[in-house]
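Novice: Here you go, this is start32.cif (mmCIF, C-alpha atoms).
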data_model
loop_
_atom_site.group_PDB
_atom_site.id
_atom_site.type_symbol
_atom_site.label_atom_id
_atom_site.label_comp_id
_atom_site.auth_asym_id
_atom_site.auth_seq_id
_atom_site.Cartn_x
_atom_site.Cartn_y
_atom_site.Cartn_z
ATOM 1 C CA MET A 1 102.183 0.011 -45.606
ATOM 2 C CA ARG A 2 102.141 -2.814 -48.151
ATOM 3 C CA LEU A 3 98.387 -2.347 -48.724
ATOM 4 C CA ILE A 4 98.835 1.414 -49.182
ATOM 5 C CA ALA A 5 101.658 0.876 -51.697
ATOM 6 C CA ARG A 6 99.574 -1.629 -53.669
ATOM 7 C CA ASN A 7 96.592 0.745 -53.785
ATOM 8 C CA ILE A 8 98.836 3.581 -54.980
ATOM 9 C CA LEU A 9 100.285 1.304 -57.682
ATOM 10 C CA ARG A 10 96.759 0.379 -58.815
ATOM 11 C CA GLY A 11 95.675 4.020 -58.936
ATOM 12 C CA VAL A 12 98.705 5.167 -60.907
ATOM 13 C CA THR A 13 98.323 2.167 -63.255
ATOM 14 C CA LEU A 14 94.726 3.161 -63.951
ATOM 15 C CA MET A 15 95.745 6.770 -64.605
ATOM 16 C CA THR A 16 98.506 5.559 -66.948
ATOM 17 C CA VAL A 17 95.976 3.530 -68.955
ATOM 18 C CA VAL A 18 93.808 6.656 -69.236
ATOM 19 C CA VAL A 19 96.830 8.562 -70.573
ATOM 20 C CA MET A 20 97.537 5.931 -73.197
ATOM 21 C CA THR A 21 93.976 6.070 -74.522
ATOM 22 C CA TRP A 22 92.843 9.640 -73.892
ATOM 23 C CA GLY A 23 95.914 11.777 -73.278
ATOM 24 C CA LEU A 24 97.507 11.065 -76.646
ATOM 25 C CA ASN A 25 95.235 13.606 -78.325
ATOM 26 C CA ALA A 26 95.861 16.515 -75.938
ATOM 27 C CA HIS A 27 97.873 19.516 -77.155
ATOM 28 C CA ALA A 28 100.830 20.330 -74.898
ATOM 29 C CA ASP A 29 104.445 21.389 -74.965
ATOM 30 C CA ALA A 30 107.116 18.736 -75.317
ATOM 31 C CA LEU A 31 108.117 16.875 -72.161
ATOM 32 C CA SER A 32 111.417 17.870 -70.592
ATOM 33 C CA PHE A 33 114.198 15.617 -69.315
ATOM 34 C CA SER A 34 115.974 18.574 -67.616
ATOM 35 C CA PHE A 35 114.935 18.733 -63.965
ATOM 36 C CA GLY A 36 115.946 18.438 -60.340
ATOM 37 C CA GLU A 37 113.775 16.670 -57.776
ATOM 38 C CA ILE A 38 113.718 15.878 -54.073
ATOM 39 C CA GLN A 39 111.532 13.084 -52.710
ATOM 40 C CA PHE A 40 110.634 11.863 -49.262
ATOM 41 C CA VAL A 41 110.430 8.074 -49.492
ATOM 42 C CA ASP A 42 109.057 5.160 -47.495
ATOM 43 C CA THR A 43 110.500 1.711 -48.218
ATOM 44 C CA GLU A 44 109.483 -1.811 -47.270
ATOM 45 C CA LEU A 45 111.846 -4.765 -47.727
ATOM 46 C CA ASP A 46 109.392 -7.626 -48.161
ATOM 47 C CA ASP A 47 111.758 -10.585 -47.772
ATOM 48 C CA ILE A 48 112.928 -9.555 -44.267
ATOM 49 C CA ASP A 49 109.844 -7.489 -43.250
ATOM 50 C CA VAL A 50 111.770 -4.273 -42.539
ATOM 51 C CA ASP A 51 110.524 -0.720 -43.120
ATOM 52 C CA GLY A 52 112.404 2.532 -43.484
ATOM 53 C CA ASP A 53 112.180 6.097 -44.678
ATOM 54 C CA GLY A 54 114.477 8.780 -45.999
ATOM 55 C CA PHE A 55 115.010 10.971 -49.034
ATOM 56 C CA ALA A 56 115.959 10.747 -52.692
ATOM 57 C CA LEU A 57 117.589 13.354 -54.926
ATOM 58 C CA LYS A 58 117.236 13.208 -58.712
ATOM 59 C CA LEU A 59 118.954 15.257 -61.391
ATOM 60 C CA SER A 60 118.426 14.924 -65.139
ATOM 61 C CA GLY A 61 119.763 17.030 -68.006
ATOM 62 C CA GLU A 62 119.389 17.016 -71.778
ATOM 63 C CA PHE A 63 122.565 16.798 -73.893
ATOM 64 C CA SER A 64 120.556 17.154 -77.097
ATOM 65 C CA GLN A 65 116.927 17.009 -78.163
ATOM 66 C CA ARG A 66 116.778 13.248 -77.538
ATOM 67 C CA ILE A 67 119.778 12.268 -75.360
ATOM 68 C CA PHE A 68 119.851 12.961 -71.629
ATOM 69 C CA GLY A 69 121.934 12.058 -68.602
ATOM 70 C CA PHE A 70 120.673 11.435 -65.092
ATOM 71 C CA ALA A 71 121.783 10.721 -61.529
ATOM 72 C CA GLU A 72 119.763 9.565 -58.524
ATOM 73 C CA TYR A 73 120.820 9.228 -54.893
ATOM 74 C CA ALA A 74 118.665 7.774 -52.102
ATOM 75 C CA GLU A 75 119.468 7.508 -48.400
ATOM 76 C CA ILE A 76 117.062 5.433 -46.302
ATOM 77 C CA GLY A 77 117.192 4.652 -42.585
ATOM 78 C CA LEU A 78 115.799 1.179 -41.908
ATOM 79 C CA ASP A 79 114.310 -0.320 -38.741
ATOM 80 C CA GLY A 80 116.995 -1.522 -36.338
ATOM 81 C CA GLY A 81 119.443 1.242 -37.232
ATOM 82 C CA ALA A 82 120.538 -0.048 -40.644
ATOM 83 C CA ASP A 83 121.104 2.318 -43.570
ATOM 84 C CA LEU A 84 120.402 1.688 -47.254
ATOM 85 C CA ASP A 85 122.097 4.033 -49.746
ATOM 86 C CA THR A 86 121.621 3.813 -53.509
ATOM 87 C CA LEU A 87 123.449 5.730 -56.251
ATOM 88 C CA GLU A 88 122.420 5.426 -59.897
ATOM 89 C CA PHE A 89 123.746 7.352 -62.885
ATOM 90 C CA GLY A 90 123.396 6.844 -66.600
ATOM 91 C CA VAL A 91 122.209 8.055 -69.973
ATOM 92 C CA GLY A 92 118.917 7.833 -71.781
ATOM 93 C CA TYR A 93 117.307 8.321 -75.165
ATOM 94 C CA GLY A 94 113.839 9.846 -75.548
ATOM 95 C CA GLN A 95 111.628 9.520 -78.606
ATOM 96 C CA GLU A 96 108.661 11.864 -78.990
ATOM 97 C CA LEU A 97 105.509 10.048 -80.104
ATOM 98 C CA ASN A 98 103.572 13.306 -80.312
ATOM 99 C CA LEU A 99 103.581 16.682 -78.552
ATOM 100 C CA ASN A 100 102.632 15.225 -75.185
ATOM 101 C CA THR A 101 103.934 11.637 -75.124
ATOM 102 C CA ASP A 102 107.506 10.326 -75.056
ATOM 103 C CA LEU A 103 108.969 6.853 -75.025
ATOM 104 C CA PHE A 104 112.424 6.546 -73.460
ATOM 105 C CA GLY A 105 115.127 4.019 -72.693
ATOM 106 C CA THR A 106 117.959 4.202 -70.155
ATOM 107 C CA VAL A 107 121.257 2.483 -69.373
ATOM 108 C CA ALA A 108 122.702 3.051 -65.905
ATOM 109 C CA ARG A 109 125.243 1.996 -63.313
ATOM 110 C CA VAL A 110 123.789 1.251 -59.855
ATOM 111 C CA LYS A 111 125.610 1.015 -56.522
ATOM 112 C CA VAL A 112 123.796 -0.183 -53.384
ATOM 113 C CA ASP A 113 125.365 0.105 -49.903
ATOM 114 C CA VAL A 114 123.848 -1.501 -46.807
ATOM 115 C CA ASP A 115 125.292 -0.581 -43.401
ATOM 116 C CA THR A 116 123.965 -2.501 -40.396
ATOM 117 C CA GLY A 117 126.437 -1.062 -37.878
ATOM 118 C CA PRO A 118 128.864 -3.883 -37.221
ATOM 119 C CA ALA A 119 128.785 -5.026 -40.847
ATOM 120 C CA SER A 120 128.273 -3.470 -44.238
ATOM 121 C CA SER A 121 128.030 -4.621 -47.812
ATOM 122 C CA ASP A 122 127.942 -2.972 -51.191
ATOM 123 C CA GLU A 123 127.032 -4.194 -54.612
ATOM 124 C CA SER A 124 127.265 -2.651 -58.072
ATOM 125 C CA SER A 125 125.387 -3.569 -61.201
ATOM 126 C CA TYR A 126 124.028 -2.282 -64.469
ATOM 127 C CA ALA A 127 120.415 -1.364 -65.121
ATOM 128 C CA LEU A 128 118.287 -1.130 -68.248
ATOM 129 C CA GLY A 129 115.008 0.757 -68.350
ATOM 130 C CA PHE A 130 112.164 1.434 -70.754
ATOM 131 C CA GLY A 131 109.280 3.803 -70.101
ATOM 132 C CA ILE A 132 106.623 6.204 -71.272
ATOM 133 C CA ARG A 133 105.608 9.694 -70.070
ATOM 134 C CA SER A 134 102.546 11.644 -71.114
ATOM 135 C CA LEU A 135 100.864 14.972 -70.349
ATOM 136 C CA LEU A 136 97.121 15.446 -70.121
ATOM 137 C CA LEU A 137 94.512 17.786 -68.626
ATOM 138 C CA LYS A 138 95.959 20.833 -70.412
ATOM 139 C CA GLN A 139 99.517 20.159 -69.186
ATOM 140 C CA ARG A 140 98.426 19.925 -65.527
ATOM 141 C CA LEU A 141 99.088 16.197 -65.074
ATOM 142 C CA GLU A 142 101.977 14.015 -66.208
ATOM 143 C CA LEU A 143 101.723 10.247 -65.853
ATOM 144 C CA GLY A 144 104.552 7.816 -66.373
ATOM 145 C CA ALA A 145 105.326 4.113 -66.316
ATOM 146 C CA ARG A 146 108.760 2.491 -66.443
ATOM 147 C CA LEU A 147 110.121 -1.048 -66.382
ATOM 148 C CA ASP A 148 113.671 -1.432 -65.038
ATOM 149 C CA TYR A 149 115.963 -4.424 -64.852
ATOM 150 C CA ARG A 150 118.911 -4.379 -62.446
ATOM 151 C CA ASP A 151 121.595 -7.048 -62.582
ATOM 152 C CA LEU A 152 121.747 -7.435 -58.767
ATOM 153 C CA ASP A 153 122.040 -10.921 -57.224
ATOM 154 C CA ASP A 154 119.701 -13.033 -59.364
ATOM 155 C CA GLY A 155 118.330 -9.975 -61.152
ATOM 156 C CA ASP A 156 115.705 -7.488 -60.055
ATOM 157 C CA THR A 157 112.838 -6.340 -62.255
ATOM 158 C CA ARG A 158 111.101 -3.174 -61.082
ATOM 159 C CA VAL A 159 107.902 -1.420 -62.104
ATOM 160 C CA VAL A 160 107.902 2.345 -61.487
ATOM 161 C CA LEU A 161 104.677 4.350 -61.801
ATOM 162 C CA SER A 162 104.526 8.110 -61.347
ATOM 163 C CA ALA A 163 102.109 11.017 -61.349
ATOM 164 C CA LEU A 164 103.154 14.685 -61.397
ATOM 165 C CA PHE A 165 100.820 17.631 -60.853
ATOM 166 C CA ASN A 166 102.244 20.679 -62.625
ATOM 167 C CA MET A 167 101.588 23.665 -60.349
ATOM 168 C CA THR A 168 103.403 26.007 -62.766
ATOM 169 C CA ARG A 169 105.472 25.465 -65.910
ATOM 170 C CA ARG A 170 108.566 24.863 -63.737
ATOM 171 C CA TRP A 171 107.294 23.393 -60.444
ATOM 172 C CA SER A 172 105.535 20.041 -59.985
ATOM 173 C CA LEU A 173 104.360 17.926 -57.060
ATOM 174 C CA GLY A 174 104.913 14.221 -57.608
ATOM 175 C CA LEU A 175 103.961 10.771 -56.371
ATOM 176 C CA GLU A 176 106.003 7.709 -57.328
ATOM 177 C CA ALA A 177 105.587 4.013 -56.560
ATOM 178 C CA ASP A 178 108.488 1.619 -57.216
ATOM 179 C CA ALA A 179 107.923 -2.126 -56.794
ATOM 180 C CA GLY A 180 110.743 -4.640 -57.207
ATOM 181 C CA ASN A 181 111.171 -8.344 -56.510
ATOM 182 C CA ASP A 182 111.421 -7.858 -52.731
ATOM 183 C CA GLU A 183 111.226 -4.094 -52.177
ATOM 184 C CA THR A 184 108.441 -1.526 -52.433
ATOM 185 C CA THR A 185 109.100 2.215 -52.243
ATOM 186 C CA VAL A 186 106.620 5.083 -52.297
ATOM 187 C CA GLY A 187 107.864 8.654 -52.700
ATOM 188 C CA VAL A 188 106.316 12.115 -52.546
ATOM 189 C CA GLY A 189 108.384 14.901 -54.035
ATOM 190 C CA LEU A 190 108.883 18.329 -55.541
ATOM 191 C CA ARG A 191 110.342 18.723 -59.059
ATOM 192 C CA TYR A 192 111.819 21.810 -60.740
ATOM 193 C CA TYR A 193 112.192 21.922 -64.551
ATOM 194 C CA PHE A 194 115.227 23.862 -65.782
ATOM 195 C CA ASN A 195 114.094 24.618 -69.341
ATOM 196 C CA GLN A 196 110.319 25.068 -69.300
#
Let me see the file written as structure tokens.
Specialist:
Amino acid sequence: MRLIARNILRGVTLMTVVVMTWGLNAHADALSFSFGEIQFVDTELDDIDVDGDGFALKLSGEFSQRIFGFAEYAEIGLDGGADLDTLEFGVGYGQELNLNTDLFGTVARVKVDVDTGPASSDESSYALGFGIRSLLLKQRLELGARLDYRDLDDGDTRVVLSALFNMTRRWSLGLEADAGNDETTVGVGLRYYFNQ
């Protein structure tokens, strides 16, 4: 699983570099921050060598042309019967670089619950994120890269890479790879845009 996740991260990184150099000149509609998404995810906790899978729900909505709010919930069943639940909600600011590329920043509150059966723990923190999204191939492909910092334990820096294939103006199939200090998650999902 770790090798697969690394190869996916490399592939999405390469596609993101292509977007930064080639996709900036494509002509496309503005990117939307108003969507709902469901993902099926596979997670590996590297420090304790435990795997798990589950689902993630994401909701994002625009308050204005540049300000948006978002919420994400993930529920993952880990090996040995443990459960890992994550809730994140916050606000973001998007800045259009051109018709098909946006920079954005986010501030969020994160709550992580771990239930191992006889014991459970929860932790809350704040998170800061900075990323870029870009359309290319005549609006058929969206690539994104994001760097997040969560104030959990000693701090957790995460790199999130994503690729979305736009089947229609409203529906997209997506692949996302999220690598943190001791956790790697790969998700495959379906996204619906509310205002396209």
Novice: Could you give me, as a PyMOL selection string, the residues that sit within 7 Å of (102.7, 8.5, -51.9) in the file's coordinates, counting only C-alpha atoms?
Specialist: chain A and resi 8+175-176+186-188
Novice: Any chance you could export the current selection's C-alpha atoms as a PDB file, in the coordinates of the input?
Specialist:
ATOM      1  CA  ILE A   8      98.836   3.581 -54.980  1.00  0.00           C
ATOM      2  CA  LEU A 175     103.961  10.771 -56.371  1.00  0.00           C
ATOM      3  CA  GLU A 176     106.003   7.709 -57.328  1.00  0.00           C
ATOM      4  CA  VAL A 186     106.620   5.083 -52.297  1.00  0.00           C
ATOM      5  CA  GLY A 187     107.864   8.654 -52.700  1.00  0.00           C
ATOM      6  CA  VAL A 188     106.316  12.115 -52.546  1.00  0.00           C
TER       7      VAL A 188
END
Novice: Tell me which residues the PyMOL selection byres ((chain A and resi 139-156) around 8) grabs here, as a PDB file with C-alpha atoms, keeping the file's coordinate frame.
Specialist:
ATOM      1  CA  VAL A  12      98.705   5.167 -60.907  1.00  0.00           C
ATOM      2  CA  THR A  13      98.323   2.167 -63.255  1.00  0.00           C
ATOM      3  CA  MET A  15      95.745   6.770 -64.605  1.00  0.00           C
ATOM      4  CA  THR A  16      98.506   5.559 -66.948  1.00  0.00           C
ATOM      5  CA  VAL A  19      96.830   8.562 -70.573  1.00  0.00           C
ATOM      6  CA  ALA A  28     100.830  20.330 -74.898  1.00  0.00           C
ATOM      7  CA  ASP A  29     104.445  21.389 -74.965  1.00  0.00           C
ATOM      8  CA  VAL A 110     123.789   1.251 -59.855  1.00  0.00           C
ATOM      9  CA  GLU A 123     127.032  -4.194 -54.612  1.00  0.00           C
ATOM     10  CA  SER A 124     127.265  -2.651 -58.072  1.00  0.00           C
ATOM     11  CA  SER A 125     125.387  -3.569 -61.201  1.00  0.00           C
ATOM     12  CA  TYR A 126     124.028  -2.282 -64.469  1.00  0.00           C
ATOM     13  CA  ALA A 127     120.415  -1.364 -65.121  1.00  0.00           C
ATOM     14  CA  LEU A 128     118.287  -1.130 -68.248  1.00  0.00           C
ATOM     15  CA  GLY A 129     115.008   0.757 -68.350  1.00  0.00           C
ATOM     16  CA  PHE A 130     112.164   1.434 -70.754  1.00  0.00           C
ATOM     17  CA  GLY A 131     109.280   3.803 -70.101  1.00  0.00           C
ATOM     18  CA  ILE A 132     106.623   6.204 -71.272  1.00  0.00           C
ATOM     19  CA  ARG A 133     105.608   9.694 -70.070  1.00  0.00           C
ATOM     20  CA  SER A 134     102.546  11.644 -71.114  1.00  0.00           C
ATOM     21  CA  LEU A 135     100.864  14.972 -70.349  1.00  0.00           C
ATOM     22  CA  LEU A 136      97.121  15.446 -70.121  1.00  0.00           C
ATOM     23  CA  LEU A 137      94.512  17.786 -68.626  1.00  0.00           C
ATOM     24  CA  LYS A 138      95.959  20.833 -70.412  1.00  0.00           C
ATOM     25  CA  THR A 157     112.838  -6.340 -62.255  1.00  0.00           C
ATOM     26  CA  ARG A 158     111.101  -3.174 -61.082  1.00  0.00           C
ATOM     27  CA  VAL A 159     107.902  -1.420 -62.104  1.00  0.00           C
ATOM     28  CA  VAL A 160     107.902   2.345 -61.487  1.00  0.00           C
ATOM     29  CA  LEU A 161     104.677   4.350 -61.801  1.00  0.00           C
ATOM     30  CA  SER A 162     104.526   8.110 -61.347  1.00  0.00           C
ATOM     31  CA  ALA A 163     102.109  11.017 -61.349  1.00  0.00           C
ATOM     32  CA  LEU A 164     103.154  14.685 -61.397  1.00  0.00           C
ATOM     33  CA  PHE A 165     100.820  17.631 -60.853  1.00  0.00           C
ATOM     34  CA  ASN A 166     102.244  20.679 -62.625  1.00  0.00           C
ATOM     35  CA  MET A 167     101.588  23.665 -60.349  1.00  0.00           C
ATOM     36  CA  GLY A 180     110.743  -4.640 -57.207  1.00  0.00           C
ATOM     37  CA  ASN A 181     111.171  -8.344 -56.510  1.00  0.00           C
TER      38      ASN A 181
END
Novice: Enclose region 53-62 of chain A, meaning all of its atoms listed in the file, in a box aligned along x, y and z, pad it by 5 Å on each side, and list the centre and edge lengths in Å to one decimal, as JSON.
Specialist:
{"center_x": 116.0, "center_y": 11.6, "center_z": -58.2, "size_x": 17.6, "size_y": 20.9, "size_z": 37.1}
Novice: Run the PyMOL selection byres ((chain A and resi 62) around 12) mentally over the shown coordinates, then write out the matched residues as a list in words, using the chain letters and numbers from the document.
Specialist: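 Listing what the PyMOL selection byres ((chain A and resi 62) around 12) selects in the shown file: Leu31, Ser32, Phe33, Ser34, Phe35, Leu59, Ser60, Gly61, Phe63, Ser64, Gln65, Arg66, Ile67, Phe68, Gly69, Phe70, Val91, Gly92, Tyr93, Gly94, Tyr193, Phe194 and Asn195 of chain A.
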Novice: Output the selection as a PDB file, keeping the file's coordinate frame - C-alpha atoms for each residue.
Specialist:
ATOM      1  CA  LEU A  31     108.117  16.875 -72.161  1.00  0.00           C
ATOM      2  CA  SER A  32     111.417  17.870 -70.592  1.00  0.00           C
ATOM      3  CA  PHE A  33     114.198  15.617 -69.315  1.00  0.00           C
ATOM      4  CA  SER A  34     115.974  18.574 -67.616  1.00  0.00           C
ATOM      5  CA  PHE A  35     114.935  18.733 -63.965  1.00  0.00           C
ATOM      6  CA  LEU A  59     118.954  15.257 -61.391  1.00  0.00           C
ATOM      7  CA  SER A  60     118.426  14.924 -65.139  1.00  0.00           C
ATOM      8  CA  GLY A  61     119.763  17.030 -68.006  1.00  0.00           C
ATOM      9  CA  PHE A  63     122.565  16.798 -73.893  1.00  0.00           C
ATOM     10  CA  SER A  64     120.556  17.154 -77.097  1.00  0.00           C
ATOM     11  CA  GLN A  65     116.927  17.009 -78.163  1.00  0.00           C
ATOM     12  CA  ARG A  66     116.778  13.248 -77.538  1.00  0.00           C
ATOM     13  CA  ILE A  67     119.778  12.268 -75.360  1.00  0.00           C
ATOM     14  CA  PHE A  68     119.851  12.961 -71.629  1.00  0.00           C
ATOM     15  CA  GLY A  69     121.934  12.058 -68.602  1.00  0.00           C
ATOM     16  CA  PHE A  70     120.673  11.435 -65.092  1.00  0.00           C
ATOM     17  CA  VAL A  91     122.209   8.055 -69.973  1.00  0.00           C
ATOM     18  CA  GLY A  92     118.917   7.833 -71.781  1.00  0.00           C
ATOM     19  CA  TYR A  93     117.307   8.321 -75.165  1.00  0.00           C
ATOM     20  CA  GLY A  94     113.839   9.846 -75.548  1.00  0.00           C
ATOM     21  CA  TYR A 193     112.192  21.922 -64.551  1.00  0.00           C
ATOM     22  CA  PHE A 194     115.227  23.862 -65.782  1.00  0.00           C
ATOM     23  CA  ASN A 195     114.094  24.618 -69.341  1.00  0.00           C
TER      24      ASN A 195
END
Novice: Find the distance between CA of Leu173 (chain A) and CA of Glu75 (chain A) and write it in Å to one decimal.
Specialist: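 Between these atoms lies a distance of 20.3 Å.
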Novice: Between A:Val50, A:Leu97, A:Leu87, A:Leu190, single out the one closest to Lys111 (chain A), counting all atoms listed in the file.
Specialist: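 Closest candidate: A:Leu87.
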Novice: Evaluate the PyMOL selection byres ((chain A and resi 49) around 12) against this structure - the residues, as a PyMOL selection string, please.
Specialist: chain A and resi 1-2+43-48+50-52+78-80+182-184
Novice: Using only C-alpha atoms for the distances, tell me which of A:Asp53, A:Asp102, A:Asp85, A:Glu72 is nearest to Asp122 (chain A).
Specialist: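 Checking each of A:Asp53, A:Asp102, A:Asp85, A:Glu72 against Asp122 (chain A), counting only C-alpha atoms, the winner is A:Asp85.
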Novice: Got a sec: who's within 6 Å of Phe89 (chain A), counting all atoms listed in the file, leaving out chain neighbours fewer than 4 positions off, as number ranges by chain?
Specialist: A: 70-71, 108-109
